[in-house]
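work-v2.txt follows; it contains compact mmCIF, C-alpha atoms and all ligand atoms.
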# COMPACT_ATOMS: atom_id res chain seq x y z
CA MET A 3 100.04 32.06 -65.88
CA GLU A 4 103.46 33.13 -67.11
CA LYS A 5 103.14 31.69 -70.66
CA GLY A 6 100.30 31.25 -73.13
CA ILE A 7 98.17 33.56 -75.18
CA PRO A 8 95.71 35.84 -73.39
CA ILE A 9 92.04 34.84 -73.13
CA THR A 10 90.01 37.12 -75.44
CA GLY A 11 86.59 37.23 -77.08
CA HIS A 12 87.95 34.78 -79.70
CA THR A 13 89.06 32.11 -77.23
CA GLN A 14 87.27 28.77 -77.66
CA LEU A 15 86.15 26.73 -74.68
CA ILE A 16 86.55 23.00 -74.02
CA GLY A 17 85.06 21.49 -70.86
CA LEU A 18 84.75 18.37 -68.76
CA ILE A 19 81.40 17.48 -67.20
CA ALA A 20 81.47 15.07 -64.27
CA THR A 21 81.23 14.85 -60.49
CA PRO A 22 83.40 14.75 -58.40
CA ILE A 23 85.93 16.25 -60.81
CA ARG A 24 88.01 19.03 -59.27
CA HIS A 25 90.98 16.63 -58.87
CA SER A 26 91.18 15.94 -62.65
CA MET A 27 94.52 16.07 -64.49
CA SER A 28 92.80 16.93 -67.79
CA PRO A 29 92.83 20.76 -67.45
CA ALA A 30 96.59 20.81 -66.78
CA MET A 31 97.21 18.40 -69.68
CA HIS A 32 95.09 20.16 -72.31
CA ASN A 33 96.00 23.73 -71.26
CA ALA A 34 99.72 22.79 -71.40
CA ALA A 35 99.16 21.45 -74.94
CA PHE A 36 97.23 24.59 -76.06
CA ASP A 37 100.02 26.66 -74.60
CA GLN A 38 102.77 24.71 -76.38
CA LEU A 39 101.02 24.99 -79.76
CA GLY A 40 99.80 28.59 -79.25
CA LEU A 41 96.17 27.50 -79.75
CA ASP A 42 93.49 29.95 -78.62
CA TYR A 43 91.53 27.48 -76.47
CA VAL A 44 90.98 27.06 -72.76
CA TYR A 45 89.95 23.85 -70.91
CA THR A 46 88.07 23.82 -67.63
CA VAL A 47 85.84 21.52 -65.57
CA PHE A 48 82.14 21.76 -64.68
CA GLU A 49 80.76 19.91 -61.67
CA VAL A 50 77.74 18.29 -63.39
CA GLY A 51 75.85 15.17 -62.28
CA LYS A 52 72.97 13.26 -63.89
CA ASP A 53 70.29 15.68 -62.61
CA GLU A 54 71.83 18.67 -64.39
CA LEU A 55 73.10 16.75 -67.43
CA GLU A 56 70.39 17.53 -69.99
CA ALA A 57 70.40 21.25 -69.17
CA ALA A 58 74.22 21.30 -69.21
CA VAL A 59 74.38 19.68 -72.69
CA LYS A 60 71.77 22.12 -74.07
CA GLY A 61 73.69 25.02 -72.52
CA LEU A 62 77.08 23.94 -73.89
CA LYS A 63 75.51 23.51 -77.34
CA ALA A 64 73.71 26.88 -77.20
CA LEU A 65 76.96 28.60 -76.20
CA GLY A 66 78.80 27.03 -79.13
CA VAL A 67 81.37 25.29 -76.91
CA ARG A 68 83.69 23.35 -79.29
CA GLY A 69 83.62 20.12 -77.31
CA TRP A 70 83.93 18.48 -73.93
CA ASN A 71 84.99 15.40 -72.05
CA VAL A 72 82.51 13.34 -70.09
CA SER A 73 83.29 11.32 -66.98
CA MET A 74 81.44 9.59 -64.13
CA PRO A 75 78.48 9.49 -63.69
CA ASN A 76 77.56 10.81 -67.15
CA LYS A 77 79.34 8.49 -69.60
CA SER A 78 76.26 6.44 -70.56
CA ALA A 79 73.61 8.93 -69.44
CA ILE A 80 74.71 11.53 -72.03
CA ILE A 81 74.03 9.29 -75.05
CA PRO A 82 70.31 10.24 -75.52
CA TYR A 83 71.25 13.94 -75.74
CA LEU A 84 73.71 13.48 -78.65
CA ASP A 85 72.99 13.41 -82.42
CA GLU A 86 75.42 10.59 -83.20
CA ILE A 87 77.83 8.20 -81.46
CA SER A 88 80.82 6.21 -82.75
CA GLU A 89 80.92 2.43 -83.17
CA ALA A 90 83.21 2.10 -80.13
CA SER A 91 80.78 4.17 -78.03
CA ARG A 92 77.90 1.95 -79.07
CA LEU A 93 79.81 -1.21 -78.11
CA CYS A 94 80.96 0.35 -74.81
CA ASP A 95 77.65 2.10 -74.08
CA SER A 96 79.87 5.00 -73.07
CA VAL A 97 81.03 8.43 -74.28
CA ASN A 98 84.06 10.32 -72.94
CA THR A 99 84.41 12.93 -75.70
CA VAL A 100 81.83 15.14 -77.44
CA ILE A 101 82.58 17.20 -80.56
CA ASN A 102 80.25 20.09 -81.38
CA ASP A 103 80.24 20.80 -85.13
CA ASP A 104 77.98 23.85 -85.45
CA GLY A 105 75.33 22.32 -83.19
CA HIS A 106 75.72 18.69 -84.36
CA LEU A 107 76.91 16.70 -81.34
CA THR A 108 79.01 13.56 -81.93
CA GLY A 109 80.04 11.35 -79.02
CA THR A 110 82.93 8.94 -78.97
CA VAL A 111 85.17 7.13 -76.52
CA THR A 112 88.94 7.64 -76.68
CA ASP A 113 90.00 5.55 -73.63
CA GLY A 114 90.38 2.34 -75.66
CA ILE A 115 92.35 4.00 -78.48
CA GLY A 116 94.47 5.68 -75.79
CA TRP A 117 95.20 2.26 -74.29
CA VAL A 118 96.15 0.71 -77.67
CA ARG A 119 98.46 3.66 -78.42
CA ALA A 120 100.00 3.42 -74.96
CA MET A 121 100.75 -0.30 -75.52
CA HIS A 122 102.10 0.38 -79.01
CA THR A 123 104.40 3.25 -77.98
CA GLN A 124 105.76 1.02 -75.17
CA GLY A 125 106.61 -1.64 -77.78
CA VAL A 126 103.64 -4.02 -77.36
CA ASP A 127 101.76 -5.24 -80.44
CA ILE A 128 98.38 -6.58 -79.28
CA ARG A 129 97.43 -8.33 -82.53
CA GLY A 130 96.81 -12.07 -82.13
CA LYS A 131 97.48 -11.92 -78.38
CA LYS A 132 95.63 -13.44 -75.40
CA MET A 133 94.70 -11.07 -72.60
CA VAL A 134 93.33 -11.31 -69.08
CA LEU A 135 91.34 -8.21 -68.17
CA LEU A 136 90.48 -7.42 -64.54
CA GLY A 137 87.34 -5.26 -64.36
CA ALA A 138 84.11 -4.60 -66.25
CA GLY A 139 83.59 -0.90 -65.56
CA GLY A 140 84.12 2.07 -67.87
CA ALA A 141 87.88 1.77 -68.41
CA ALA A 142 87.78 -2.03 -68.73
CA THR A 143 84.96 -2.00 -71.29
CA ALA A 144 86.76 0.60 -73.43
CA ILE A 145 89.95 -1.50 -73.36
CA MET A 146 88.00 -4.68 -74.16
CA VAL A 147 86.14 -3.12 -77.11
CA GLN A 148 89.14 -1.38 -78.72
CA GLY A 149 91.40 -4.37 -78.04
CA ALA A 150 88.87 -6.64 -79.79
CA ILE A 151 88.48 -4.22 -82.73
CA ASP A 152 92.28 -3.89 -83.07
CA GLY A 153 93.05 -7.60 -83.19
CA LEU A 154 93.33 -9.28 -79.77
CA ARG A 155 92.61 -13.00 -80.25
CA GLU A 156 91.13 -13.82 -76.83
CA ILE A 157 90.07 -11.84 -73.77
CA ASP A 158 89.20 -13.40 -70.41
CA VAL A 159 87.40 -10.81 -68.27
CA PHE A 160 87.31 -11.26 -64.49
CA ASN A 161 85.06 -9.15 -62.26
CA ARG A 162 83.89 -9.48 -58.69
CA ASP A 163 80.22 -10.23 -58.08
CA ASP A 164 78.93 -6.63 -58.11
CA GLU A 165 76.74 -4.45 -60.36
CA PHE A 166 79.47 -4.34 -63.02
CA PHE A 167 79.33 -8.10 -63.59
CA LYS A 168 75.91 -8.02 -65.27
CA ARG A 169 76.93 -5.05 -67.43
CA GLY A 170 80.09 -6.96 -68.36
CA MET A 171 78.03 -9.95 -69.53
CA ARG A 172 76.00 -7.70 -71.85
CA GLN A 173 79.02 -5.92 -73.35
CA THR A 174 81.04 -9.15 -73.82
CA ARG A 175 78.09 -10.67 -75.71
CA LEU A 176 78.07 -7.69 -78.08
CA VAL A 177 81.84 -7.86 -78.64
CA ASN A 178 81.63 -11.61 -79.35
CA GLU A 179 78.85 -11.02 -81.88
CA GLU A 180 80.46 -8.08 -83.64
CA THR A 181 84.24 -8.64 -83.64
CA GLY A 182 86.59 -11.53 -84.42
CA CYS A 183 87.79 -11.67 -80.80
CA HIS A 184 86.62 -14.38 -78.40
CA VAL A 185 85.64 -12.92 -75.02
CA THR A 186 84.65 -14.87 -71.87
CA MET A 187 83.43 -13.47 -68.58
CA HIS A 188 84.52 -15.06 -65.27
CA HIS A 189 84.06 -14.48 -61.56
CA LEU A 190 87.11 -12.88 -59.94
CA GLU A 191 86.48 -15.12 -56.93
CA ASP A 192 87.49 -18.18 -59.06
CA HIS A 193 91.21 -18.01 -58.16
CA GLN A 194 92.09 -21.27 -59.89
CA MET A 195 90.61 -20.11 -63.22
CA LEU A 196 92.31 -16.73 -62.86
CA HIS A 197 95.70 -18.38 -62.25
CA GLN A 198 95.24 -20.73 -65.22
CA LYS A 199 94.21 -17.93 -67.61
CA ILE A 200 97.06 -15.60 -66.56
CA MET A 201 99.60 -18.43 -67.03
CA ASP A 202 98.29 -18.84 -70.58
CA ALA A 203 98.11 -15.09 -71.37
CA ASP A 204 100.47 -12.61 -73.10
CA ILE A 205 98.95 -9.53 -71.47
CA LEU A 206 97.40 -8.83 -68.05
CA VAL A 207 95.43 -5.60 -67.57
CA ASN A 208 94.06 -4.22 -64.32
CA ALA A 209 91.21 -1.81 -65.08
CA THR A 210 89.56 -1.91 -61.65
CA SER A 211 89.91 0.72 -58.96
CA ALA A 212 91.85 -1.81 -56.86
CA GLY A 213 95.34 -0.34 -56.56
CA MET A 214 94.12 3.25 -56.77
CA LYS A 215 94.18 5.43 -53.65
CA PRO A 216 92.62 4.72 -51.12
CA GLN A 217 92.65 1.05 -52.31
CA ASP A 218 96.39 1.25 -53.01
CA ASP A 219 97.26 -1.68 -50.72
CA ILE A 220 95.12 -4.04 -52.86
CA CYS A 221 96.49 -6.24 -55.67
CA LEU A 222 94.05 -8.68 -57.27
CA VAL A 223 96.62 -11.27 -58.37
CA GLN A 224 99.06 -13.48 -56.45
CA ASP A 225 102.86 -13.50 -56.89
CA GLU A 226 102.67 -17.01 -58.39
CA ASP A 227 100.32 -15.78 -61.17
CA LEU A 228 102.99 -13.44 -62.59
CA HIS A 229 105.45 -14.92 -65.05
CA ASP A 230 108.33 -13.89 -67.28
CA GLY A 231 107.01 -13.02 -70.77
CA LEU A 232 103.81 -11.42 -69.44
CA THR A 233 103.14 -7.73 -70.14
CA VAL A 234 101.31 -6.12 -67.21
CA PHE A 235 99.37 -2.88 -67.72
CA ASP A 236 97.63 -1.06 -64.86
CA ALA A 237 95.02 1.57 -65.81
CA VAL A 238 95.42 3.12 -62.35
CA TYR A 239 97.68 6.20 -62.44
CA ASN A 240 97.37 7.37 -58.84
CA PRO A 241 99.82 6.11 -57.63
CA GLN A 242 101.82 5.84 -60.85
CA GLU A 243 103.57 2.66 -59.64
CA THR A 244 100.85 0.45 -58.17
CA LEU A 245 101.36 -2.61 -55.98
CA LEU A 246 100.55 -4.76 -59.04
CA LEU A 247 103.25 -3.06 -61.12
CA LYS A 248 105.79 -3.44 -58.28
CA LYS A 249 105.05 -7.17 -58.03
CA ALA A 250 105.12 -7.56 -61.83
CA LYS A 251 108.49 -5.82 -62.06
CA ALA A 252 109.88 -8.15 -59.40
CA ALA A 253 108.60 -11.12 -61.46
CA ASN A 254 110.44 -9.83 -64.59
CA CYS A 255 107.26 -8.88 -66.45
CA LYS A 256 107.19 -5.91 -68.82
CA VAL A 257 105.21 -3.20 -66.98
CA ILE A 258 103.25 -0.21 -68.33
CA GLY A 259 101.53 2.39 -66.13
CA GLY A 260 98.12 4.02 -66.59
CA ILE A 261 99.61 7.47 -67.09
CA HIS A 262 100.44 6.50 -70.71
CA MET A 263 96.77 5.65 -71.42
CA MET A 264 95.72 8.88 -69.69
CA LEU A 265 97.96 10.95 -71.98
CA TYR A 266 97.00 9.16 -75.20
CA GLN A 267 93.24 9.20 -74.56
CA GLY A 268 93.65 12.96 -74.00
CA ALA A 269 95.68 13.29 -77.19
CA GLU A 270 92.92 11.56 -79.20
CA SER A 271 90.25 13.93 -77.85
CA PHE A 272 92.56 16.92 -78.41
CA LYS A 273 92.96 15.96 -82.08
CA LEU A 274 89.18 15.63 -82.55
CA TRP A 275 88.58 19.15 -81.19
CA THR A 276 91.56 21.03 -82.65
CA GLY A 277 92.73 18.92 -85.62
CA GLN A 278 96.26 19.03 -84.11
CA ASP A 279 98.53 16.41 -82.56
CA MET A 280 99.08 16.87 -78.84
CA PRO A 281 102.81 17.52 -78.16
CA ILE A 282 103.03 14.59 -75.72
CA GLU A 283 106.67 14.98 -74.66
CA GLU A 284 106.28 18.71 -73.93
CA VAL A 285 103.04 18.04 -72.01
CA LYS A 286 104.82 15.38 -69.91
CA LYS A 287 107.55 17.90 -69.09
CA ALA A 288 105.01 20.59 -68.17
CA LEU A 289 103.22 18.13 -65.86
CA ASN A 290 106.49 16.76 -64.36
CA LEU A 291 105.66 13.21 -65.52
P1 LIG B 1 84.18 2.11 -62.78
O1 LIG B 1 83.55 2.60 -61.52
O2 LIG B 1 83.43 2.21 -64.06
O3 LIG B 1 84.57 0.56 -62.58
C1 LIG B 1 85.18 0.10 -61.38
C2 LIG B 1 85.66 -1.34 -61.58
O4 LIG B 1 86.52 -1.67 -60.48
C3 LIG B 1 84.53 -2.37 -61.58
O5 LIG B 1 84.89 -3.40 -62.48
C4 LIG B 1 84.53 -2.90 -60.13
O6 LIG B 1 84.00 -4.19 -60.02
C5 LIG B 1 86.03 -2.88 -59.84
N1 LIG B 1 86.46 -2.79 -58.44
C6 LIG B 1 86.45 -1.70 -57.63
N2 LIG B 1 87.03 -1.98 -56.44
C7 LIG B 1 87.38 -3.30 -56.50
C8 LIG B 1 88.00 -4.19 -55.57
N3 LIG B 1 88.36 -3.80 -54.34
N4 LIG B 1 88.22 -5.46 -55.96
C9 LIG B 1 87.86 -5.89 -57.20
N5 LIG B 1 87.27 -5.08 -58.12
C10 LIG B 1 87.04 -3.81 -57.76
O7 LIG B 1 85.58 2.86 -62.84
P2 LIG B 1 86.48 3.15 -64.15
O8 LIG B 1 86.15 4.48 -64.69
O9 LIG B 1 86.45 1.96 -65.04
O10 LIG B 1 87.94 3.27 -63.47
C11 LIG B 1 88.64 2.14 -63.00
C12 LIG B 1 90.11 2.52 -62.77
O11 LIG B 1 90.71 2.87 -64.01
C13 LIG B 1 90.28 3.74 -61.87
O12 LIG B 1 91.43 3.54 -61.07
C14 LIG B 1 90.52 4.88 -62.83
O13 LIG B 1 91.31 5.93 -62.29
C15 LIG B 1 91.28 4.17 -63.93
N6 LIG B 1 91.14 4.82 -65.24
C16 LIG B 1 92.28 5.13 -65.90
C17 LIG B 1 92.23 5.73 -67.13
C18 LIG B 1 93.51 6.07 -67.83
O14 LIG B 1 93.47 6.80 -68.82
N7 LIG B 1 94.64 5.56 -67.37
C19 LIG B 1 90.98 6.01 -67.74
C20 LIG B 1 89.81 5.66 -67.04
C21 LIG B 1 89.92 5.07 -65.79
As a first step, turn the structure in this file into structure tokens.
Amino acid sequence: MEKGIPITGHTQLIGLIATPIRHSMSPAMHNAAFDQLGLDYVYTVFEVGKDELEAAVKGLKALGVRGWNVSMPNKSAIIPYLDEISEASRLCDSVNTVINDDGHLTGTVTDGIGWVRAMHTQGVDIRGKKMVLLGAGGAATAIMVQGAIDGLREIDVFNRDDEFFKRGMRQTRLVNEETGCHVTMHHLEDHQMLHQKIMDADILVNATSAGMKPQDDICLVQDEDLHDGLTVFDAVYNPQETLLLKKAKAANCKVIGGIHMMLYQGAESFKLWTGQDMPIEEVKKALNL
């Protein structure tokens, strides 16, 4: 490392517990931000699955690690080992960030806030809007919950008939009961309903893995679904310009890539651990984004 402050006995540790995880962009993002601000922290990843999760959480707590991110397959499984979780985490049944305040562990989820900030900084106000959301997994649920809390009027969720559909039904029921947003779950296989709902929507979000490598030749909507006036967001950031975004651009839609959500969810976690704002523009430069 040519820049940055040296690691010493005072350096604080932040981690990420998940598996598989070696490919993650988070270490580069957070270490670039620590470097820019001259903060004495270091961020690294730990290959931890469900079997090692309880021991890992106890170990991180015993070592006084300041905080950590959580990714698959631990996002729901970690909840019983924490002292407290945020409202958004409860509605999502998911945690992606843990803050360790002298042994008191608080879990929260920053993906949804990261998505709202990404939309906002790209000039999209979600309040009062109708949205079609593709997916009912971790990213989709976080977007649904925060979008509902922050003022979306209607969300139509479409998922294929897999294990995420049932989970989606449960989470949409909770959001309907506890927010002012009206959420309906549909089968992705119902092409006519999907077309009708997208034609009537302001925002279309893909939060499935369709479009992500190695599924990068898949786009879940048809050319005729995309219309002028629609904002299209794709949570996928590998590749940065997905097939969906290419098609949406060609149809004159406003397009926003998942890399923005990635950066802002990281920035939210960063603030919770360090109390500082992540220098987003400098981080983008350091990561060649
Ligand atoms: P997940 O495993 O929790 O959910 C996967 C979802 O994709 C499910 O809804 C599943 O039904 C759907 N799916 C998978 N393949 C499909 C296909 N061929 N056709 C239709 N549906 C399909 O995963 P996740 O953590 O929610 O991640 C989903 C995507 O979002 C990934 O590409 C991930 O990289 C991305 N993501 C981005 C950010 C960000 O900050 N930009 C954050 C989290 C996740």
Distance filter 9 Å around ligand LIG 1 (chain B), atoms: all atoms listed in the file, out as a ChimeraX atom specification: /A:73-75,113-114,116-117,136-144,160-167,170,190,208-215,217,220-222,236-240,259-268
Quick one, how far is CA of Val223 (chain A) from CA of Leu196 (chain A)?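 Atom-to-atom, CA of Val223 (chain A) to CA of Leu196 (chain A), that is 8.3 Å.
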All residues 9 Å or closer to region 66-68 of chain A, all atoms listed in the file, same chain fewer than 2 positions away omitted, as a PyMOL selection string: chain A and resi 14-17+61-64+70+100-105+275-276
Take the residues that were just selected and, keeping C-alpha atoms, output them as a PDB file, in the frame of the given file.
ATOM      1  CA  GLN A  14      87.270  28.770 -77.660  1.00  0.00           C
ATOM      2  CA  LEU A  15      86.150  26.730 -74.680  1.00  0.00           C
ATOM      3  CA  ILE A  16      86.550  23.000 -74.020  1.00  0.00           C
ATOM      4  CA  GLY A  17      85.060  21.490 -70.860  1.00  0.00           C
ATOM      5  CA  GLY A  61      73.690  25.020 -72.520  1.00  0.00           C
ATOM      6  CA  LEU A  62      77.080  23.940 -73.890  1.00  0.00           C
ATOM      7  CA  LYS A  63      75.510  23.510 -77.340  1.00  0.00           C
ATOM      8  CA  ALA A  64      73.710  26.880 -77.200  1.00  0.00           C
ATOM      9  CA  TRP A  70      83.930  18.480 -73.930  1.00  0.00           C
ATOM     10  CA  VAL A 100      81.830  15.140 -77.440  1.00  0.00           C
ATOM     11  CA  ILE A 101      82.580  17.200 -80.560  1.00  0.00           C
ATOM     12  CA  ASN A 102      80.250  20.090 -81.380  1.00  0.00           C
ATOM     13  CA  ASP A 103      80.240  20.800 -85.130  1.00  0.00           C
ATOM     14  CA  ASP A 104      77.980  23.850 -85.450  1.00  0.00           C
ATOM     15  CA  GLY A 105      75.330  22.320 -83.190  1.00  0.00           C
ATOM     16  CA  TRP A 275      88.580  19.150 -81.190  1.00  0.00           C
ATOM     17  CA  THR A 276      91.560  21.030 -82.650  1.00  0.00           C
TER      18      THR A 276
END
Could you jot down the CA of Val50 (chain A) to CA of Arg92 (chain A) separation for me, Å, one decimal place? 22.6 Å
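If you look at CA of Ile87 (chain A) and CA of Gly109 (chain A), they are 4.6 Å away from each other.
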Could you list, as a JSON list (two decimals) with C-alpha atoms, in the coordinates of the input, every residue within 12 Å of Gly11 (chain A), counting only C-alpha atoms and ignoring same-chain residues fewer than 4 positions away?
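This is the output file selection08.json:
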[["chain", "number", "residue", "atom", "x", "y", "z"],
["A", 15, "LEU", "CA", 86.15, 26.73, -74.68],
["A", 42, "ASP", "CA", 93.49, 29.95, -78.62],
["A", 43, "TYR", "CA", 91.53, 27.48, -76.47],
["A", 44, "VAL", "CA", 90.98, 27.06, -72.76]]
Since the input lacks some atoms of region 6-20 of chain A, please model N, CA and C atoms and print them as a short mmCIF file (atom, residue, chain, number, x, y, z; two decimals), in the frame of the given file.
data_model
loop_
_atom_site.label_atom_id
_atom_site.label_comp_id
_atom_site.auth_asym_id
_atom_site.auth_seq_id
_atom_site.Cartn_x
_atom_site.Cartn_y
_atom_site.Cartn_z
N GLY A 6 101.62 31.43 -72.53
CA GLY A 6 100.30 31.25 -73.13
C GLY A 6 99.76 32.53 -73.70
N ILE A 7 98.75 32.37 -74.57
CA ILE A 7 98.17 33.56 -75.18
C ILE A 7 97.00 34.04 -74.32
N PRO A 8 96.76 35.35 -74.29
CA PRO A 8 95.71 35.84 -73.39
C PRO A 8 94.31 35.37 -73.82
N ILE A 9 93.43 35.20 -72.84
CA ILE A 9 92.04 34.84 -73.13
C ILE A 9 91.35 36.10 -73.65
N THR A 10 90.70 35.97 -74.83
CA THR A 10 90.01 37.12 -75.44
C THR A 10 88.60 36.69 -75.85
N GLY A 11 87.92 37.55 -76.55
CA GLY A 11 86.59 37.23 -77.08
C GLY A 11 86.63 36.15 -78.15
N HIS A 12 87.83 35.82 -78.66
CA HIS A 12 87.95 34.78 -79.70
C HIS A 12 88.27 33.41 -79.12
N THR A 13 88.62 33.37 -77.84
CA THR A 13 89.06 32.11 -77.23
C THR A 13 87.94 31.08 -77.24
N GLN A 14 88.28 29.84 -77.64
CA GLN A 14 87.27 28.77 -77.66
C GLN A 14 87.37 27.94 -76.38
N LEU A 15 86.21 27.46 -75.94
CA LEU A 15 86.15 26.73 -74.68
C LEU A 15 85.99 25.22 -74.90
N ILE A 16 86.74 24.46 -74.10
CA ILE A 16 86.55 23.00 -74.02
C ILE A 16 86.29 22.70 -72.54
N GLY A 17 85.38 21.76 -72.26
CA GLY A 17 85.06 21.49 -70.86
C GLY A 17 85.15 20.02 -70.51
N LEU A 18 84.86 19.75 -69.26
CA LEU A 18 84.75 18.37 -68.76
C LEU A 18 83.57 18.37 -67.80
N ILE A 19 82.58 17.51 -68.07
CA ILE A 19 81.40 17.48 -67.20
C ILE A 19 81.35 16.15 -66.44
N ALA A 20 81.43 16.25 -65.13
CA ALA A 20 81.47 15.07 -64.27
C ALA A 20 81.33 15.52 -62.83
#
